[in-house]
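For reference, run_23.txt is printed below; it contains compact mmCIF, C-alpha atoms.
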# COMPACT_ATOMS: atom_id res chain seq x y z
CA MET G 13 37.92 -61.79 -23.93
CA PRO G 14 36.95 -58.79 -26.08
CA GLN G 15 36.27 -55.65 -24.13
CA ILE G 16 33.25 -53.51 -24.86
CA PRO G 17 34.52 -49.98 -25.50
CA GLN G 18 33.36 -47.53 -22.88
CA LEU G 19 31.04 -44.88 -24.18
CA ALA G 20 31.95 -41.27 -23.62
CA ASP G 21 28.43 -40.57 -22.40
CA ASP G 22 25.91 -43.21 -21.47
CA ARG G 23 22.93 -40.95 -21.97
CA VAL G 24 20.67 -41.35 -24.95
CA LEU G 25 20.06 -37.94 -26.44
CA ASN G 26 16.47 -36.97 -26.99
CA THR G 27 15.55 -35.25 -30.23
CA ALA G 28 15.70 -31.76 -28.72
CA GLU G 29 19.23 -32.36 -27.44
CA THR G 30 20.21 -33.83 -30.80
CA ALA G 31 18.92 -30.71 -32.58
CA LEU G 32 20.97 -28.60 -30.18
CA ALA G 33 24.07 -30.75 -30.67
CA LEU G 34 23.71 -30.54 -34.44
CA LYS G 35 23.37 -26.75 -34.09
CA LEU G 36 20.03 -26.82 -35.87
CA ILE G 37 18.76 -24.45 -33.20
CA SER G 38 20.25 -22.23 -30.48
CA ARG G 39 19.36 -22.39 -26.78
CA MET G 40 17.17 -19.29 -27.15
CA ASP G 41 15.44 -20.89 -30.15
CA PHE G 42 14.84 -23.83 -27.86
CA LEU G 43 12.81 -21.58 -25.55
CA ARG G 44 11.06 -19.93 -28.49
CA LEU G 45 10.04 -23.40 -29.69
CA LYS G 46 8.88 -24.41 -26.22
CA THR G 47 6.48 -21.46 -26.11
CA ILE G 48 5.25 -22.23 -29.66
CA ALA G 49 4.76 -25.92 -28.83
CA ARG G 50 2.78 -25.03 -25.70
CA TRP G 51 0.74 -22.60 -27.76
CA HIS G 52 -0.14 -25.16 -30.46
CA ALA G 53 -0.86 -27.85 -27.86
CA ARG G 54 -3.83 -25.67 -26.82
CA GLY G 55 -5.71 -26.94 -29.84
CA LEU G 56 -5.20 -30.58 -28.87
CA PRO G 57 -6.71 -33.00 -26.33
CA PRO G 58 -4.92 -33.17 -22.95
CA ASP G 59 -3.32 -36.54 -23.76
CA VAL G 60 -1.20 -34.89 -26.46
CA ALA G 61 1.42 -32.85 -24.62
CA TRP G 62 3.39 -29.92 -25.97
CA ASP G 63 6.66 -31.82 -25.76
CA ASP G 64 5.20 -34.61 -27.94
CA LEU G 65 4.48 -31.97 -30.55
CA LEU G 66 7.97 -30.48 -30.35
CA GLN G 67 9.79 -33.82 -30.31
CA GLU G 68 7.78 -35.02 -33.32
CA ALA G 69 8.54 -31.84 -35.29
CA LEU G 70 12.26 -32.09 -34.47
CA THR G 71 12.30 -35.79 -35.36
CA ARG G 72 10.83 -35.06 -38.78
CA VAL G 73 13.59 -32.55 -39.46
CA ILE G 74 16.41 -34.74 -38.07
CA VAL G 75 15.40 -37.87 -39.99
CA GLY G 76 14.93 -35.75 -43.11
CA SER G 77 11.25 -36.46 -43.72
CA ARG G 78 10.73 -32.68 -43.83
CA ARG G 79 13.29 -30.48 -45.56
CA LYS G 80 13.65 -26.83 -44.68
CA PRO G 81 13.61 -24.33 -47.56
CA GLU G 82 16.64 -22.00 -47.56
CA ALA G 83 14.60 -18.84 -47.08
CA VAL G 84 12.74 -20.05 -43.98
CA SER G 85 14.24 -19.90 -40.48
CA MET G 86 14.46 -23.16 -38.55
CA VAL G 87 12.11 -21.85 -35.83
CA ALA G 88 9.46 -20.81 -38.39
CA PHE G 89 9.86 -24.15 -40.17
CA LEU G 90 9.44 -26.18 -36.96
CA ALA G 91 6.48 -24.01 -35.97
CA GLY G 92 4.89 -24.81 -39.34
CA ILE G 93 5.38 -28.55 -38.73
CA MET G 94 3.77 -28.25 -35.29
CA ARG G 95 0.86 -26.37 -36.85
CA SER G 96 0.34 -29.12 -39.42
CA LEU G 97 0.67 -31.80 -36.70
CA ARG G 98 -2.18 -30.09 -34.85
CA ALA G 99 -4.35 -30.14 -37.99
CA GLU G 100 -3.30 -33.72 -38.75
CA HIS G 101 -4.35 -34.84 -35.28
CA TRP G 102 -7.91 -33.63 -35.74
CA ARG G 103 -8.09 -34.91 -39.31
CA ARG G 104 -7.17 -38.38 -38.06
CA ALA G 105 -9.54 -38.13 -35.08
CA ARG G 106 -12.42 -37.19 -37.38
CA GLY G 107 -11.62 -39.94 -39.86
CA GLY G 108 -10.53 -37.77 -42.74
CA PRO G 109 -8.64 -38.85 -45.88
CA ASP G 110 -5.45 -39.63 -43.93
CA SER G 111 -7.26 -41.71 -41.36
CA ARG G 112 -6.84 -45.48 -41.31
CA GLU G 113 -10.41 -45.88 -40.10
CA THR G 114 -12.00 -46.94 -43.36
CA LEU G 115 -14.75 -49.35 -44.26
CA ARG G 116 -14.44 -51.52 -47.33
CA ILE G 117 -17.67 -51.60 -49.33
CA ASP G 118 -18.06 -54.78 -51.33
CA HIS G 119 -20.89 -54.41 -53.73
CA GLN G 120 -20.99 -55.57 -57.32
CA ASP G 121 -21.35 -52.05 -58.64
CA LEU G 122 -19.57 -50.21 -55.89
CA SER G 123 -16.22 -51.30 -54.53
CA ARG G 124 -14.27 -48.69 -52.66
CA ALA G 125 -13.27 -47.70 -49.17
CA ALA G 126 -15.52 -45.24 -47.39
CA ALA G 127 -14.03 -43.10 -44.66
CA LEU G 128 -15.71 -43.41 -41.29
CA ARG G 129 -16.34 -40.10 -39.63
CA ASP G 130 -16.45 -39.99 -35.87
CA PRO G 131 -19.00 -37.36 -34.79
CA ALA G 132 -17.66 -37.51 -31.20
CA ALA G 133 -14.31 -36.16 -32.41
CA ASP G 134 -16.00 -33.03 -33.78
CA LEU G 135 -17.78 -32.52 -30.50
CA GLU G 136 -14.56 -33.02 -28.52
CA HIS G 137 -12.76 -30.58 -30.81
CA ALA G 138 -15.48 -27.95 -30.30
CA LEU G 139 -15.41 -28.43 -26.52
CA ILE G 140 -11.62 -28.15 -26.31
CA ALA G 141 -11.67 -25.10 -28.59
CA GLY G 142 -14.31 -23.41 -26.41
CA GLU G 143 -12.34 -24.09 -23.22
CA GLN G 144 -9.10 -22.87 -24.76
CA LEU G 145 -10.68 -19.65 -26.03
CA VAL G 146 -11.76 -18.89 -22.47
CA ALA G 147 -8.25 -19.71 -21.20
CA ILE G 148 -6.66 -17.46 -23.83
CA GLU G 149 -9.04 -14.61 -22.94
CA GLN G 150 -7.95 -15.00 -19.32
CA LEU G 151 -4.31 -14.56 -20.35
CA PHE G 152 -5.17 -11.03 -21.48
CA ALA G 153 -7.76 -10.24 -18.82
CA GLY G 154 -7.59 -6.57 -17.87
CA ASP G 155 -6.20 -5.53 -21.26
CA SER G 156 -9.29 -4.45 -23.19
CA VAL G 157 -7.37 -3.53 -26.35
CA ALA G 158 -5.66 -6.95 -26.42
CA LEU G 159 -9.01 -8.68 -25.95
CA ARG G 160 -10.52 -6.75 -28.85
CA ILE G 161 -7.51 -7.54 -31.04
CA LEU G 162 -7.98 -11.19 -30.11
CA ALA G 163 -11.63 -11.03 -31.13
CA GLY G 164 -10.62 -9.47 -34.44
CA LEU G 165 -8.04 -12.19 -35.07
CA GLY G 166 -10.66 -14.82 -34.25
CA GLU G 167 -12.93 -13.34 -36.90
CA GLY G 168 -10.09 -13.56 -39.40
CA HIS G 169 -9.48 -9.81 -39.76
CA SER G 170 -6.15 -8.36 -40.84
CA ALA G 171 -4.11 -5.97 -38.67
CA ALA G 172 -5.30 -2.97 -40.73
CA GLN G 173 -8.96 -4.00 -40.40
CA ILE G 174 -8.59 -4.44 -36.63
CA ARG G 175 -6.90 -1.03 -36.26
CA ALA G 176 -9.68 0.60 -38.28
CA ALA G 177 -12.43 -1.15 -36.33
CA LEU G 178 -10.89 -0.26 -32.96
CA LYS G 179 -9.94 3.25 -34.13
CA ILE G 180 -6.40 2.89 -32.79
CA SER G 181 -3.11 4.08 -34.27
CA LYS G 182 -0.39 1.74 -35.52
CA THR G 183 1.70 2.62 -32.45
CA GLU G 184 -1.13 1.72 -30.08
CA TYR G 185 -1.71 -1.50 -31.99
CA ASP G 186 2.00 -2.43 -31.93
CA SER G 187 2.19 -1.61 -28.25
CA ALA G 188 -0.78 -3.91 -27.53
CA ARG G 189 0.80 -6.69 -29.61
CA LYS G 190 4.01 -6.28 -27.60
CA ARG G 191 2.06 -6.69 -24.34
CA MET G 192 0.36 -9.75 -25.79
CA ARG G 193 3.70 -11.21 -26.86
CA ARG G 194 5.09 -10.72 -23.33
CA ALA G 195 2.05 -12.48 -21.82
CA LEU G 196 2.36 -15.34 -24.30
CA LEU G 197 6.07 -15.75 -23.59
CA ARG G 198 5.47 -15.70 -19.83
CA GLU G 199 2.85 -18.39 -20.17
CA GLY G 200 4.96 -20.39 -22.61
CA LEU G 201 8.07 -20.46 -20.44
CA THR G 202 6.33 -21.88 -17.39
CA CYS G 203 6.02 -25.58 -16.82
CA ALA G 204 2.42 -25.34 -15.65
CA GLN G 205 -0.36 -27.20 -17.41
CA ASN G 206 -2.35 -25.18 -19.93
CA MET E 9 -16.43 -5.85 -34.34
CA ARG E 10 -17.49 -8.30 -31.69
CA THR E 11 -15.68 -8.39 -28.38
CA LYS E 12 -16.52 -11.97 -27.42
CA LEU E 13 -14.87 -14.87 -29.18
CA ASN E 14 -17.57 -17.44 -28.55
CA VAL E 15 -19.96 -15.89 -31.10
CA ILE E 16 -17.95 -17.42 -33.95
CA GLU E 17 -17.52 -21.19 -34.25
CA PRO E 18 -14.94 -21.96 -31.50
CA LYS E 19 -12.80 -24.29 -33.64
CA THR E 20 -12.42 -21.71 -36.38
CA ALA E 21 -11.74 -18.85 -33.98
CA LEU E 22 -9.17 -20.88 -32.02
CA ASN E 23 -7.32 -21.99 -35.15
CA ARG E 24 -7.17 -18.42 -36.44
CA ILE E 25 -5.87 -17.10 -33.11
CA LEU E 26 -3.30 -19.88 -32.69
CA ASP E 27 -1.99 -19.29 -36.21
CA ALA E 28 -1.96 -15.48 -35.93
CA LEU E 29 -0.21 -15.34 -32.56
CA GLU E 30 2.26 -18.09 -33.47
CA ARG E 31 3.94 -15.41 -35.61
CA GLU E 32 4.38 -13.23 -32.51
CA LEU E 33 6.29 -16.03 -30.77
CA ILE E 34 8.47 -16.76 -33.80
CA ASP E 35 9.38 -13.07 -34.05
CA ALA E 36 10.00 -12.58 -30.31
CA SER E 37 13.52 -11.27 -29.73
CA ASP E 38 16.02 -12.86 -27.34
CA GLU E 39 15.65 -9.80 -25.08
CA GLU E 40 11.87 -10.25 -24.88
CA ILE E 41 12.31 -13.92 -23.96
CA LEU E 42 14.83 -13.01 -21.25
CA GLU E 43 12.51 -10.31 -19.87
CA ALA E 44 9.54 -12.70 -19.77
CA ALA E 45 11.72 -15.31 -18.05
CA LYS E 46 12.85 -12.67 -15.55
CA ASP E 47 9.18 -11.97 -14.71
CA LEU E 48 8.97 -15.63 -13.71
CA GLY E 49 12.18 -15.48 -11.67
CA MET E 50 14.09 -17.53 -14.25
CA ASN E 51 17.44 -16.82 -15.86
CA PRO E 52 17.78 -18.85 -19.06
CA LEU E 53 21.45 -17.85 -19.28
CA MET E 54 22.17 -19.88 -16.14
CA LYS E 55 23.11 -23.51 -16.47
CA GLY E 56 20.21 -25.73 -15.42
CA SER E 57 17.66 -22.91 -15.58
CA ALA E 58 14.06 -23.92 -14.88
CA ALA E 59 13.10 -22.36 -18.23
CA PHE E 60 14.51 -25.44 -19.94
CA LEU E 61 12.51 -27.91 -17.85
CA GLY E 62 10.80 -30.39 -20.11
CA LEU E 63 13.11 -29.63 -23.00
CA HIS E 64 16.12 -31.73 -22.14
CA THR E 65 17.38 -34.00 -19.45
CA LEU E 66 20.31 -33.16 -17.24
CA SER E 67 23.04 -35.69 -16.56
CA PHE E 68 23.86 -36.35 -12.90
CA ALA E 69 27.01 -34.26 -13.26
CA GLU E 70 25.07 -31.37 -14.80
CA PHE E 71 22.36 -31.68 -12.15
CA PHE E 72 24.84 -31.45 -9.27
CA GLU E 73 26.61 -28.53 -10.92
CA SER E 74 23.42 -26.71 -11.85
CA ASP E 75 22.57 -23.27 -10.54
CA ALA E 76 19.02 -24.43 -9.93
CA LEU E 77 20.25 -27.00 -7.39
CA ARG E 78 22.57 -24.44 -5.75
CA GLU E 79 19.64 -22.05 -5.49
CA VAL E 80 17.44 -24.71 -3.87
CA LEU E 81 20.18 -25.62 -1.39
CA ALA E 82 20.80 -21.97 -0.52
CA ARG E 83 17.05 -21.46 0.03
CA ALA E 84 16.89 -24.58 2.21
CA ARG E 85 19.84 -23.30 4.30
CA THR E 86 18.13 -19.90 4.75
CA MET E 87 14.93 -21.64 5.85
CA GLN E 88 16.90 -23.84 8.25
CA ILE E 89 18.58 -20.80 9.82
CA ALA E 90 15.23 -18.97 10.06
CA ALA E 91 13.62 -21.99 11.74
CA ALA E 92 16.51 -22.33 14.21
CA THR E 93 16.27 -18.61 15.08
CA GLN E 94 12.54 -18.94 15.75
CA LEU E 95 13.07 -21.88 18.08
CA GLU E 96 15.41 -19.88 20.34
CA PRO E 97 13.45 -17.78 22.89
CA GLU E 98 13.70 -14.12 21.98
CA GLY E 99 15.29 -11.60 24.35
CA GLU E 100 15.61 -14.13 27.09
CA ALA E 101 18.93 -13.87 28.82
CA ARG E 102 20.72 -17.04 29.59
CA GLN E 103 19.84 -18.20 33.06
CA PRO E 104 22.81 -18.09 35.41
CA THR E 105 23.84 -21.47 36.57
CA PRO E 106 22.90 -21.93 40.20
CA LYS E 107 25.86 -21.44 42.44
CA ARG E 108 25.35 -24.79 44.03
CA ALA E 109 25.60 -26.50 40.67
CA ILE E 110 29.05 -25.13 39.97
CA GLU E 111 30.35 -25.98 43.33
CA ARG E 112 32.89 -28.64 43.03
CA LYS E 113 32.05 -31.96 44.31
CA GLY E 114 33.75 -32.36 47.57
CA ALA E 115 34.19 -28.59 48.09
CA ALA E 116 32.18 -28.95 51.29
CA ASP E 117 34.70 -31.36 52.50
CA LYS E 118 37.32 -28.67 52.69
This entry written out as structure tokens:
Amino acid sequence: MPQIPQLADDRVLNTAETALALKLISRMDFLRLKTIARWHARGLPPDVAWDDLLQEALTRVIVGSRRKPEAVSMVAFLAGIMRSLRAEHWRRARGGPDSRETLRIDHQDLSRAAALRDPAADLEHALIAGEQLVAIEQLFAGDSVALRILAGLGEGHSAAQIRAALKISKTEYDSARKRMRRALLREGLTCAQN
Amino acid sequence: MRTKLNVIEPKTALNRILDALERELIDASDEEILEAAKDLGMNPLMKGSAAFLGLHTLSFAEFFESDALREVLARARTMQIAAATQLEPEGEARQPTPKRAIERKGAADK
């Protein structure tokens, strides 16, 4: 009777472990990506978890559906995929061009598919965004410079514009950004819900 | 410049902030990550560190060898010792056994 060869390891690797095994990323990159995934998951409904975002981004790289340009680091590339996944989620929810929710119009003079827009998705997006802005403000509570930098970023200002508006030096600005980075990393490394 | 974010459309403001601060996380150095982890009582350099929770699964062998498990067991042992110490009455000397109780059975017969 033929024997089934024993496997060296009976575990099925998940995509993150595969990426690590293939040396696509280091263990520290792993943590960097965890914090980025948790950060981007803030823009999504609660049923889409940060690890879904990260696993999906890694899967796209592993299966080769997204190819990394030479000049871009793997972490920056994966972060870019997660960013586009966030945008894609809302585009689909709203019924944009990539959405499958279309209505076929059969008329003698007009025959095409019209995209159905879901107004509830826009409302949900606005509500989640409002809640997350409050949560992000709380991350920097007590740091007035950080809060003002945040407000400037929200308005789409550049670093130079923010420094000029706040009348702070480059050193003060960099110091505030460092404090913000530390707070973001602390939040990103926990396993608590956003 | 405004100081409150909710004056702008929330979706736009959130997207701008997420995209702008994503760069901060990409550029964070290994030292900064280790320091932030230390703030949380984590050591990502240890095998089975809690920092990696949710990122990958541990095999049974890895789980039983992990520092996280050792730490939990050590904490449980400390708590067990502390609980046992509290149960014992403090400063109370051991009561001497009554003389009659240590008398040998049949001693009176002598």
Nearest to chain E by atom-to-atom distance, counting all atoms listed in the file, from G:Ala132, G:Leu65, G:Ile161, G:Ile180:
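For chain E, the nearest of the candidates is G:Ile161.
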Requested in this report: Provide the atom CA of G:Leu197 to atom CA of G:Leu36 distance in Å, to one decimal place.
Outcome: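 Rounded to one decimal, the two atoms are 21.6 Å apart.
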Exercise for review: Choose the residue, out of G:Ala61, G:Ala138, G:Leu90, G:Leu32, that has the smallest atom-to-atom separation from chain E; count all atoms listed in the file.
Suggested key: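 Of the candidates, the smallest distance to chain E is held by G:Ala138.
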**Prompt:** Which residues come within 10 Å of E:Gly49, counting only C-alpha atoms, excluding same-chain residues fewer than 5 positions away, as a list in words?
**Reply:**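 Neighbouring residues, sequence-local ones excluded: Glu43, Ala44, Ala58 and Ala59 of chain E.
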Between E:Asp27, E:Glu17, E:Glu32, E:Glu39, which residue has the minimum interatomic distance to G:Ala195, considering only C-alpha atoms?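 Of E:Asp27, E:Glu17, E:Glu32, E:Glu39, the one nearest G:Ala195 is E:Glu32, counting only C-alpha atoms.
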- If you count all atoms listed in the file, which residues fall within 12 Å of G:Gly168, apart from same-chain ones fewer than 3 positions away, as a ChimeraX atom specification? /G:161-165,171-174 /E:9-10,13,16-17,20-28
Could you write out that same residue set with C-alpha atoms as a PDB file, in the coordinates of the input?
ATOM      1  CA  ILE G 161      -7.510  -7.540 -31.040  1.00  0.00           C
ATOM      2  CA  LEU G 162      -7.980 -11.190 -30.110  1.00  0.00           C
ATOM      3  CA  ALA G 163     -11.630 -11.030 -31.130  1.00  0.00           C
ATOM      4  CA  GLY G 164     -10.620  -9.470 -34.440  1.00  0.00           C
ATOM      5  CA  LEU G 165      -8.040 -12.190 -35.070  1.00  0.00           C
ATOM      6  CA  ALA G 171      -4.110  -5.970 -38.670  1.00  0.00           C
ATOM      7  CA  ALA G 172      -5.300  -2.970 -40.730  1.00  0.00           C
ATOM      8  CA  GLN G 173      -8.960  -4.000 -40.400  1.00  0.00           C
ATOM      9  CA  ILE G 174      -8.590  -4.440 -36.630  1.00  0.00           C
TER      10      ILE G 174
ATOM     11  CA  MET E   9     -16.430  -5.850 -34.340  1.00  0.00           C
ATOM     12  CA  ARG E  10     -17.490  -8.300 -31.690  1.00  0.00           C
ATOM     13  CA  LEU E  13     -14.870 -14.870 -29.180  1.00  0.00           C
ATOM     14  CA  ILE E  16     -17.950 -17.420 -33.950  1.00  0.00           C
ATOM     15  CA  GLU E  17     -17.520 -21.190 -34.250  1.00  0.00           C
ATOM     16  CA  THR E  20     -12.420 -21.710 -36.380  1.00  0.00           C
ATOM     17  CA  ALA E  21     -11.740 -18.850 -33.980  1.00  0.00           C
ATOM     18  CA  LEU E  22      -9.170 -20.880 -32.020  1.00  0.00           C
ATOM     19  CA  ASN E  23      -7.320 -21.990 -35.150  1.00  0.00           C
ATOM     20  CA  ARG E  24      -7.170 -18.420 -36.440  1.00  0.00           C
ATOM     21  CA  ILE E  25      -5.870 -17.100 -33.110  1.00  0.00           C
ATOM     22  CA  LEU E  26      -3.300 -19.880 -32.690  1.00  0.00           C
ATOM     23  CA  ASP E  27      -1.990 -19.290 -36.210  1.00  0.00           C
ATOM     24  CA  ALA E  28      -1.960 -15.480 -35.930  1.00  0.00           C
TER      25      ALA E  28
END
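Atom CA of G:Asn26 is found 23.0 Å from atom CA of E:Asn51.
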* Point-to-point distance in Å for atom CA of E:Ala45 and atom CA of G:Ile37 ->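 Computed distance, atom CA of G:Ile37 to atom CA of E:Ala45, equals 19.0 Å.
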